[in-house]
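Report on one structure; see the data block that follows.
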Amino acid sequence: MKRVDIKLTFQCNNRCLFCVQGSKRNGAFEKTSGQIKGLLKKMSGSHQEVIFSGGEATLMPYIVDCVRYAKQLGYTVQIQSNGRLFCYSDFCQQMGAAGVDVVSVSVHGHTSELHDALTRVPGSFEQTMNGIRNLLALRLPSVVTNTVITSLNYRDLPALAQMLIGEGVRQYQFAFPHILGFAYENRGLVVPRKTDVMPFVIKGLQIGLRNNAFPKTEAIPYCFLKGYEACCSENYSIETTAVDLQFAGDFTRWRKEEGKAKGLPCASCSCDSICEGPWREYPALYGWDEFKPVHHVR
């Protein structure tokens with residue numbers, strides 16, 4: 001199984017404090033419908049899944065048409081979104097009719113005060129949650145959520161997990177921030193230490209596991225997940241080609257060899273061969289003292 005992740009735009013109707021794309025949104029680079037369809041056709045023989053991402057992919061006026069075209073070519077289609085446009089029933093139903101298989105919605109707190117403070121858009125929480133409810137009502141193959149862990153919301157993760165379970169979400173992910181873009185600019189405000197967040201991450205995972213859900217983590221190495229290694233999303237990673245607005249390449253290789261890092265503690269860790277390590281910007285900021293070698297995996 002191979003997937004292609006196509007970034008349609010860097011424009012977004014949120015302005016998240018931790019956005020990895022940051023000021024790229026100020027550029028005018030966007031792919032046209034013809035370019036997207038040509039790319040889908042070209043890669044259909046070697047890739048079985050497509051992710052439309054951004055920025056905010058749903059802002060592109062051709063998104064429904066491109067989902068429909070991808071399905072005609074035989075792709076499984078995933079949309080990565082902040083979920084806000086899905087609050088409009090007509091748009092949500094059009095996407096469902098076009099054949100979208102998976103929608104991954106970003107939600108960063110269980111209250112409007114917290115979520116909206118992180119997105120820097122008043123009212124975004126209400127739209128996102130209504131979008132999730134509309135998507136769940138469509139009974140798509142999969143509606144999942146992603147939460148970026150920040151200094152402002154990590155204590156909220158258990159309450160967020162409980163809320164998501166109550167809404168009917170069966171899979172959610174807690175992702176440690178990639179310290180680029182706005183996350184780098186605001187690093188003193190939004191990037192916590194991993195040791196501080198882990199008790200709350202674990203509680204959030206436990207809530208999902210107790211309710212027969214599928215909670216996951218992203219960019220949290222094995223040494224922080226003792227007993228919860230099965231929740232590490234990198235275990236389920238699919239070989240991915242990333243197509244940026246100006247770049248195309250092997251994202252899986254880049255993530256493992258350039259994006260992530262290994263330090264001195266990793267050399268004696270029994271998980272070294274299977275763990276990708278943290279995003280390399282994290283130890284550049286906080287060092288390697290928190291990373292303790294594991295000598296077995298449960």
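The way I read the labels, and the way they are meant: chains A, B, ... in the order of the structure tokens, residue 1 as the first residue of every chain, and ligand 1 as the first ligand shown, with later ones counted on from there.
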Quiz item: Near segment 114-117 of chain A, within 12 Å and counting only C-alpha atoms, which residues show up once chain neighbours fewer than 2 positions away are dropped, as a VMD selection string?
Solution: chain A and resid 14 to 18 82 106 to 112 119 to 129 147 to 157 159 to 160 190
Any chance you can output those residues with C-alpha atoms as a CSV table (one decimal), in the first residue's frame?
```
chain,number,residue,atom,x,y,z
A,14,ASN,CA,-7.6,29.2,11.0
A,15,ARG,CA,-4.3,30.7,12.1
A,16,CYS,CA,-3.1,28.2,14.6
A,17,LEU,CA,-0.4,29.2,17.0
A,18,PHE,CA,1.5,26.0,16.2
A,82,ASN,CA,-10.0,21.7,10.4
A,106,SER,CA,-8.2,18.9,13.8
A,107,VAL,CA,-9.6,19.7,17.2
A,108,HIS,CA,-7.4,21.2,19.9
A,109,GLY,CA,-9.4,21.4,23.1
A,110,HIS,CA,-12.7,20.4,24.6
A,111,THR,CA,-13.9,23.9,25.1
A,112,SER,CA,-14.4,26.8,22.7
A,119,THR,CA,-6.7,28.5,16.3
A,120,ARG,CA,-6.9,32.3,16.9
A,121,VAL,CA,-10.4,32.3,15.3
A,122,PRO,CA,-13.5,32.9,17.5
A,123,GLY,CA,-16.2,30.5,16.7
A,124,SER,CA,-14.0,27.9,15.1
A,125,PHE,CA,-14.7,25.3,17.9
A,126,GLU,CA,-18.4,25.4,17.3
A,127,GLN,CA,-18.0,25.0,13.5
A,128,THR,CA,-15.4,22.2,13.9
A,129,MET,CA,-17.6,20.2,16.4
A,147,THR,CA,-4.9,17.2,18.3
A,148,VAL,CA,-1.6,19.0,18.5
A,149,ILE,CA,-0.2,18.8,22.0
A,150,THR,CA,0.8,22.3,23.2
A,151,SER,CA,1.7,23.9,26.5
A,152,LEU,CA,-1.8,25.4,26.6
A,153,ASN,CA,-3.8,22.3,26.1
A,154,TYR,CA,-1.9,19.2,27.3
A,155,ARG,CA,-3.8,19.2,30.7
A,156,ASP,CA,-7.0,19.2,28.7
A,157,LEU,CA,-6.3,15.9,26.8
A,159,ALA,CA,-11.3,15.8,29.0
A,160,LEU,CA,-10.9,16.1,25.2
A,190,VAL,CA,3.3,26.4,22.7
```
Exercise. Give me the residues within 12 Å of Gly34 of chain A as a list in words, counting only C-alpha atoms and dropping any in the same chain fewer than 2 places off.
Key: Leu8, Glu30, Lys31, Thr32, Ile36, Lys37, Gly38, Leu39, Leu40, Lys41, Tyr62, Ile63, Asp65, Cys66 and Tyr69 of chain A
Self-check item: Long-range neighbours of Lys71 of chain A as a ChimeraX atom specification, 8 Å cut-off, only C-alpha atoms, 5 positions minimum in chain
Solution: /A:76-77,98-100
Quiz item: Using only C-alpha atoms, which residues sit within 7 Å of Gln11 of chain A once same-chain residues fewer than 5 positions away are excluded, as a list in words?
Solution: Arg25, Gly55 and Glu56 of chain A
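If only C-alpha atoms are the atoms counted, then among A:Glu234, A:Asp5, A:Glu281, A:Asp244 the closest residue to Leu180 of chain A is A:Glu281.
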Exercise. Would you work out the distance separating atom CA of Phe182 of chain A from atom CA of Gly27 of chain A, expressed in Å to one decimal?
Key: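 Rounded to one decimal, the two atoms are 15.2 Å apart.
Using only C-alpha atoms, the shortest contact distance between Gly227 of chain A and any of A:Asn186, A:Gln206, A:Gln78, A:Thr9 is found at A:Gln206.
Near Tyr228 of chain A, within a cut-off of 10 Å and counting only C-alpha atoms, sit the residues Ile202, Leu205, Gln206, Lys216, Thr217, Tyr222, Phe224, Leu225, Lys226, Ala230, Cys231, Cys232, Val297 and Arg298 of chain A, with same-chain residues fewer than 2 positions away left out.
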Quiz prompt | Expected answer as a ChimeraX atom specification: helix (DSSP H, G or I) residues in segment 35-245 of chain A | solution = /A:35-43,57-59,63-72,84-87,89-98,112-119,124-138,154-167,182-185,187-190,194-210,222-224,229-231,233-236
Sorted by chain and rising residue number, which residues of segment 69-98 of chain A lie within 10 Å of segment 131-138 of chain A, and what are their closest atom pairs and distances in Å to one decimal, counting only C-alpha atoms, as JSON lines?
```
{"residue": "A:Asn82", "atom": "CA", "partner": "A:Gly131", "partner_atom": "CA", "distance": 9.0}
{"residue": "A:Gly83", "atom": "CA", "partner": "A:Gly131", "partner_atom": "CA", "distance": 5.3}
{"residue": "A:Arg84", "atom": "CA", "partner": "A:Gly131", "partner_atom": "CA", "distance": 5.9}
{"residue": "A:Leu85", "atom": "CA", "partner": "A:Gly131", "partner_atom": "CA", "distance": 6.9}
{"residue": "A:Phe86", "atom": "CA", "partner": "A:Gly131", "partner_atom": "CA", "distance": 4.2}
{"residue": "A:Cys87", "atom": "CA", "partner": "A:Gly131", "partner_atom": "CA", "distance": 3.9}
{"residue": "A:Tyr88", "atom": "CA", "partner": "A:Gly131", "partner_atom": "CA", "distance": 7.3}
{"residue": "A:Ser89", "atom": "CA", "partner": "A:Asn134", "partner_atom": "CA", "distance": 6.8}
{"residue": "A:Cys92", "atom": "CA", "partner": "A:Leu135", "partner_atom": "CA", "distance": 6.8}
{"residue": "A:Gln93", "atom": "CA", "partner": "A:Leu138", "partner_atom": "CA", "distance": 7.5}
{"residue": "A:Met95", "atom": "CA", "partner": "A:Leu135", "partner_atom": "CA", "distance": 9.6}
{"residue": "A:Gly96", "atom": "CA", "partner": "A:Leu138", "partner_atom": "CA", "distance": 7.0}
{"residue": "A:Ala97", "atom": "CA", "partner": "A:Leu138", "partner_atom": "CA", "distance": 9.6}
```
Requested write-out: all heavy atoms of the selected residues, as an mmCIF file, in the first residue's frame:
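This is the output file out_26.cif:
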```
data_model
loop_
_atom_site.group_PDB
_atom_site.id
_atom_site.type_symbol
_atom_site.label_atom_id
_atom_site.label_comp_id
_atom_site.auth_asym_id
_atom_site.auth_seq_id
_atom_site.Cartn_x
_atom_site.Cartn_y
_atom_site.Cartn_z
ATOM 1 N N ASN A 82 -9.587 21.220 9.127
ATOM 2 C CA ASN A 82 -9.977 21.730 10.434
ATOM 3 C C ASN A 82 -11.466 21.516 10.680
ATOM 4 O O ASN A 82 -11.971 21.848 11.756
ATOM 5 C CB ASN A 82 -9.590 23.209 10.598
ATOM 6 C CG ASN A 82 -10.237 24.120 9.554
ATOM 7 O OD1 ASN A 82 -11.383 23.925 9.144
ATOM 8 N ND2 ASN A 82 -9.499 25.143 9.133
ATOM 9 N N GLY A 83 -12.175 20.976 9.695
ATOM 10 C CA GLY A 83 -13.560 20.570 9.866
ATOM 11 C C GLY A 83 -14.594 21.669 9.767
ATOM 12 O O GLY A 83 -15.802 21.394 9.799
ATOM 13 N N ARG A 84 -14.166 22.919 9.614
ATOM 14 C CA ARG A 84 -15.123 24.015 9.729
ATOM 15 C C ARG A 84 -16.151 24.031 8.596
ATOM 16 O O ARG A 84 -17.335 24.276 8.844
ATOM 17 C CB ARG A 84 -14.381 25.346 9.809
ATOM 18 C CG ARG A 84 -13.625 25.530 11.123
ATOM 19 C CD ARG A 84 -12.844 26.817 11.155
ATOM 20 N NE ARG A 84 -13.713 27.964 10.925
ATOM 21 C CZ ARG A 84 -13.259 29.181 10.647
ATOM 22 N NH1 ARG A 84 -11.947 29.397 10.554
ATOM 23 N NH2 ARG A 84 -14.103 30.174 10.454
ATOM 24 N N LEU A 85 -15.727 23.763 7.376
ATOM 25 C CA LEU A 85 -16.694 23.803 6.268
ATOM 26 C C LEU A 85 -17.671 22.635 6.318
ATOM 27 O O LEU A 85 -18.752 22.700 5.722
ATOM 28 C CB LEU A 85 -15.965 23.834 4.922
ATOM 29 C CG LEU A 85 -15.260 25.145 4.570
ATOM 30 C CD1 LEU A 85 -14.769 25.115 3.132
ATOM 31 C CD2 LEU A 85 -16.168 26.352 4.779
ATOM 32 N N PHE A 86 -17.302 21.581 7.040
ATOM 33 C CA PHE A 86 -18.216 20.445 7.163
ATOM 34 C C PHE A 86 -19.404 20.763 8.067
ATOM 35 O O PHE A 86 -20.334 19.978 8.167
ATOM 36 C CB PHE A 86 -17.473 19.211 7.671
ATOM 37 C CG PHE A 86 -16.556 18.608 6.658
ATOM 38 C CD1 PHE A 86 -15.184 18.853 6.710
ATOM 39 C CD2 PHE A 86 -17.047 17.803 5.636
ATOM 40 C CE1 PHE A 86 -14.328 18.300 5.770
ATOM 41 C CE2 PHE A 86 -16.202 17.247 4.697
ATOM 42 C CZ PHE A 86 -14.843 17.496 4.754
ATOM 43 N N CYS A 87 -19.380 21.916 8.714
ATOM 44 C CA CYS A 87 -20.543 22.318 9.509
ATOM 45 C C CYS A 87 -21.713 22.681 8.606
ATOM 46 O O CYS A 87 -22.859 22.755 9.074
ATOM 47 C CB CYS A 87 -20.195 23.466 10.448
ATOM 48 S SG CYS A 87 -20.149 25.102 9.704
ATOM 49 N N TYR A 88 -21.430 22.902 7.322
ATOM 50 C CA TYR A 88 -22.496 23.191 6.357
ATOM 51 C C TYR A 88 -22.971 21.866 5.770
ATOM 52 O O TYR A 88 -22.225 21.171 5.078
ATOM 53 C CB TYR A 88 -21.987 24.135 5.269
ATOM 54 C CG TYR A 88 -21.520 25.463 5.825
ATOM 55 C CD1 TYR A 88 -20.160 25.748 5.969
ATOM 56 C CD2 TYR A 88 -22.444 26.430 6.236
ATOM 57 C CE1 TYR A 88 -19.737 26.954 6.496
ATOM 58 C CE2 TYR A 88 -22.024 27.645 6.765
ATOM 59 C CZ TYR A 88 -20.673 27.896 6.897
ATOM 60 O OH TYR A 88 -20.259 29.093 7.415
ATOM 61 N N SER A 89 -24.213 21.532 6.021
ATOM 62 C CA SER A 89 -24.737 20.211 5.650
ATOM 63 C C SER A 89 -24.598 19.934 4.164
ATOM 64 O O SER A 89 -24.271 18.812 3.760
ATOM 65 C CB SER A 89 -26.201 20.094 6.075
ATOM 66 O OG SER A 89 -26.314 20.149 7.477
ATOM 67 N N CYS A 92 -21.040 19.007 3.321
ATOM 68 C CA CYS A 92 -20.743 17.701 3.914
ATOM 69 C C CYS A 92 -21.366 16.584 3.077
ATOM 70 O O CYS A 92 -20.715 15.579 2.770
ATOM 71 C CB CYS A 92 -21.278 17.664 5.340
ATOM 72 S SG CYS A 92 -20.629 16.308 6.331
ATOM 73 N N GLN A 93 -22.591 16.749 2.679
ATOM 74 C CA GLN A 93 -23.271 15.719 1.899
ATOM 75 C C GLN A 93 -22.670 15.581 0.499
ATOM 76 O O GLN A 93 -22.590 14.480 -0.051
ATOM 77 C CB GLN A 93 -24.761 16.017 1.842
ATOM 78 C CG GLN A 93 -25.443 15.827 3.191
ATOM 79 C CD GLN A 93 -26.921 16.180 3.172
ATOM 80 O OE1 GLN A 93 -27.514 16.321 2.108
ATOM 81 N NE2 GLN A 93 -27.504 16.316 4.357
ATOM 82 N N MET A 95 -19.520 16.037 -0.247
ATOM 83 C CA MET A 95 -18.279 15.290 -0.074
ATOM 84 C C MET A 95 -18.573 13.813 0.148
ATOM 85 O O MET A 95 -17.866 12.937 -0.382
ATOM 86 C CB MET A 95 -17.499 15.856 1.110
ATOM 87 C CG MET A 95 -16.925 17.233 0.848
ATOM 88 S SD MET A 95 -15.562 17.208 -0.330
ATOM 89 C CE MET A 95 -14.228 16.757 0.769
ATOM 90 N N GLY A 96 -19.613 13.518 0.926
ATOM 91 C CA GLY A 96 -19.992 12.124 1.127
ATOM 92 C C GLY A 96 -20.412 11.462 -0.165
ATOM 93 O O GLY A 96 -20.016 10.327 -0.462
ATOM 94 N N ALA A 97 -21.212 12.177 -0.977
ATOM 95 C CA ALA A 97 -21.678 11.634 -2.255
ATOM 96 C C ALA A 97 -20.528 11.442 -3.232
ATOM 97 O O ALA A 97 -20.557 10.527 -4.071
ATOM 98 C CB ALA A 97 -22.740 12.552 -2.854
#
```
Quiz item: Got a sec: who's within 6 Å of segment 43-48 of chain A, counting only C-alpha atoms, leaving out chain neighbours fewer than 5 positions off, as a list of chain:residue names?
Solution: A:Lys2, A:Arg3, A:Tyr75
Within 12 Å of segment 251-267 of chain A: each segment 211-230 of chain A residue with its shortest pair, only C-alpha atoms, as CSV:
```
residue,atom,partner,partner_atom,distance
A:Glu218,CA,A:Lys260,CA,11.7
A:Ala219,CA,A:Lys260,CA,8.5
A:Ile220,CA,A:Lys260,CA,10.8
A:Pro221,CA,A:Cys266,CA,10.1
A:Tyr222,CA,A:Cys266,CA,10.3
A:Cys223,CA,A:Cys266,CA,9.3
```
Write to file, as a PDB file, in the first residue's frame, the residues of the selection just made, with all heavy atoms.
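Saved the output as selection.pdb:
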```
ATOM      1  N   GLU A 218       1.534  10.682  17.952  1.00  0.00           N
ATOM      2  CA  GLU A 218       2.422  10.938  16.815  1.00  0.00           C
ATOM      3  C   GLU A 218       3.605  11.759  17.297  1.00  0.00           C
ATOM      4  O   GLU A 218       3.456  12.704  18.075  1.00  0.00           O
ATOM      5  CB  GLU A 218       1.666  11.694  15.707  1.00  0.00           C
ATOM      6  CG  GLU A 218       2.324  11.603  14.326  1.00  0.00           C
ATOM      7  CD  GLU A 218       3.372  12.665  14.112  1.00  0.00           C
ATOM      8  OE1 GLU A 218       3.232  13.766  14.677  1.00  0.00           O
ATOM      9  OE2 GLU A 218       4.351  12.397  13.387  1.00  0.00           O
ATOM     10  N   ALA A 219       4.809  11.354  16.882  1.00  0.00           N
ATOM     11  CA  ALA A 219       6.063  12.035  17.244  1.00  0.00           C
ATOM     12  C   ALA A 219       6.355  11.965  18.736  1.00  0.00           C
ATOM     13  O   ALA A 219       6.990  12.860  19.298  1.00  0.00           O
ATOM     14  CB  ALA A 219       6.069  13.483  16.750  1.00  0.00           C
ATOM     15  N   ILE A 220       5.916  10.880  19.378  1.00  0.00           N
ATOM     16  CA  ILE A 220       6.280  10.605  20.768  1.00  0.00           C
ATOM     17  C   ILE A 220       7.048   9.282  20.775  1.00  0.00           C
ATOM     18  O   ILE A 220       6.475   8.229  20.498  1.00  0.00           O
ATOM     19  CB  ILE A 220       5.050  10.513  21.683  1.00  0.00           C
ATOM     20  CG1 ILE A 220       4.299  11.851  21.701  1.00  0.00           C
ATOM     21  CG2 ILE A 220       5.468  10.106  23.098  1.00  0.00           C
ATOM     22  CD1 ILE A 220       3.047  11.848  22.555  1.00  0.00           C
ATOM     23  N   PRO A 221       8.339   9.302  21.041  1.00  0.00           N
ATOM     24  CA  PRO A 221       9.154   8.082  20.970  1.00  0.00           C
ATOM     25  C   PRO A 221       8.720   7.013  21.968  1.00  0.00           C
ATOM     26  O   PRO A 221       8.040   7.287  22.965  1.00  0.00           O
ATOM     27  CB  PRO A 221      10.565   8.589  21.269  1.00  0.00           C
ATOM     28  CG  PRO A 221      10.537  10.027  20.878  1.00  0.00           C
ATOM     29  CD  PRO A 221       9.159  10.505  21.249  1.00  0.00           C
ATOM     30  N   TYR A 222       9.162   5.793  21.719  1.00  0.00           N
ATOM     31  CA  TYR A 222       8.785   4.641  22.524  1.00  0.00           C
ATOM     32  C   TYR A 222       9.150   4.795  23.996  1.00  0.00           C
ATOM     33  O   TYR A 222       8.450   4.274  24.870  1.00  0.00           O
ATOM     34  CB  TYR A 222       9.470   3.384  21.982  1.00  0.00           C
ATOM     35  CG  TYR A 222       8.771   2.745  20.810  1.00  0.00           C
ATOM     36  CD1 TYR A 222       8.788   3.326  19.550  1.00  0.00           C
ATOM     37  CD2 TYR A 222       8.084   1.543  20.961  1.00  0.00           C
ATOM     38  CE1 TYR A 222       8.155   2.741  18.483  1.00  0.00           C
ATOM     39  CE2 TYR A 222       7.445   0.941  19.893  1.00  0.00           C
ATOM     40  CZ  TYR A 222       7.480   1.546  18.645  1.00  0.00           C
ATOM     41  OH  TYR A 222       6.842   0.967  17.593  1.00  0.00           O
ATOM     42  N   CYS A 223      10.234   5.477  24.289  1.00  0.00           N
ATOM     43  CA  CYS A 223      10.669   5.566  25.677  1.00  0.00           C
ATOM     44  C   CYS A 223       9.693   6.336  26.555  1.00  0.00           C
ATOM     45  O   CYS A 223       9.766   6.259  27.783  1.00  0.00           O
ATOM     46  CB  CYS A 223      12.072   6.179  25.772  1.00  0.00           C
ATOM     47  SG  CYS A 223      12.261   7.771  24.938  1.00  0.00           S
TER      48      CYS A 223
END
```
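Atom pair atom CA of Gly74 of chain A / atom CA of Val50 of chain A has a distance of 10.0 Å (rounded to one decimal).
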Practice problem: Find, counting only C-alpha atoms, the residue in A:Tyr184, A:Asp101, A:Ile165, A:Tyr172 that gets nearest to Leu140 of chain A. | Solution: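 With only C-alpha atoms as the atom set, the closest residue is A:Asp101.
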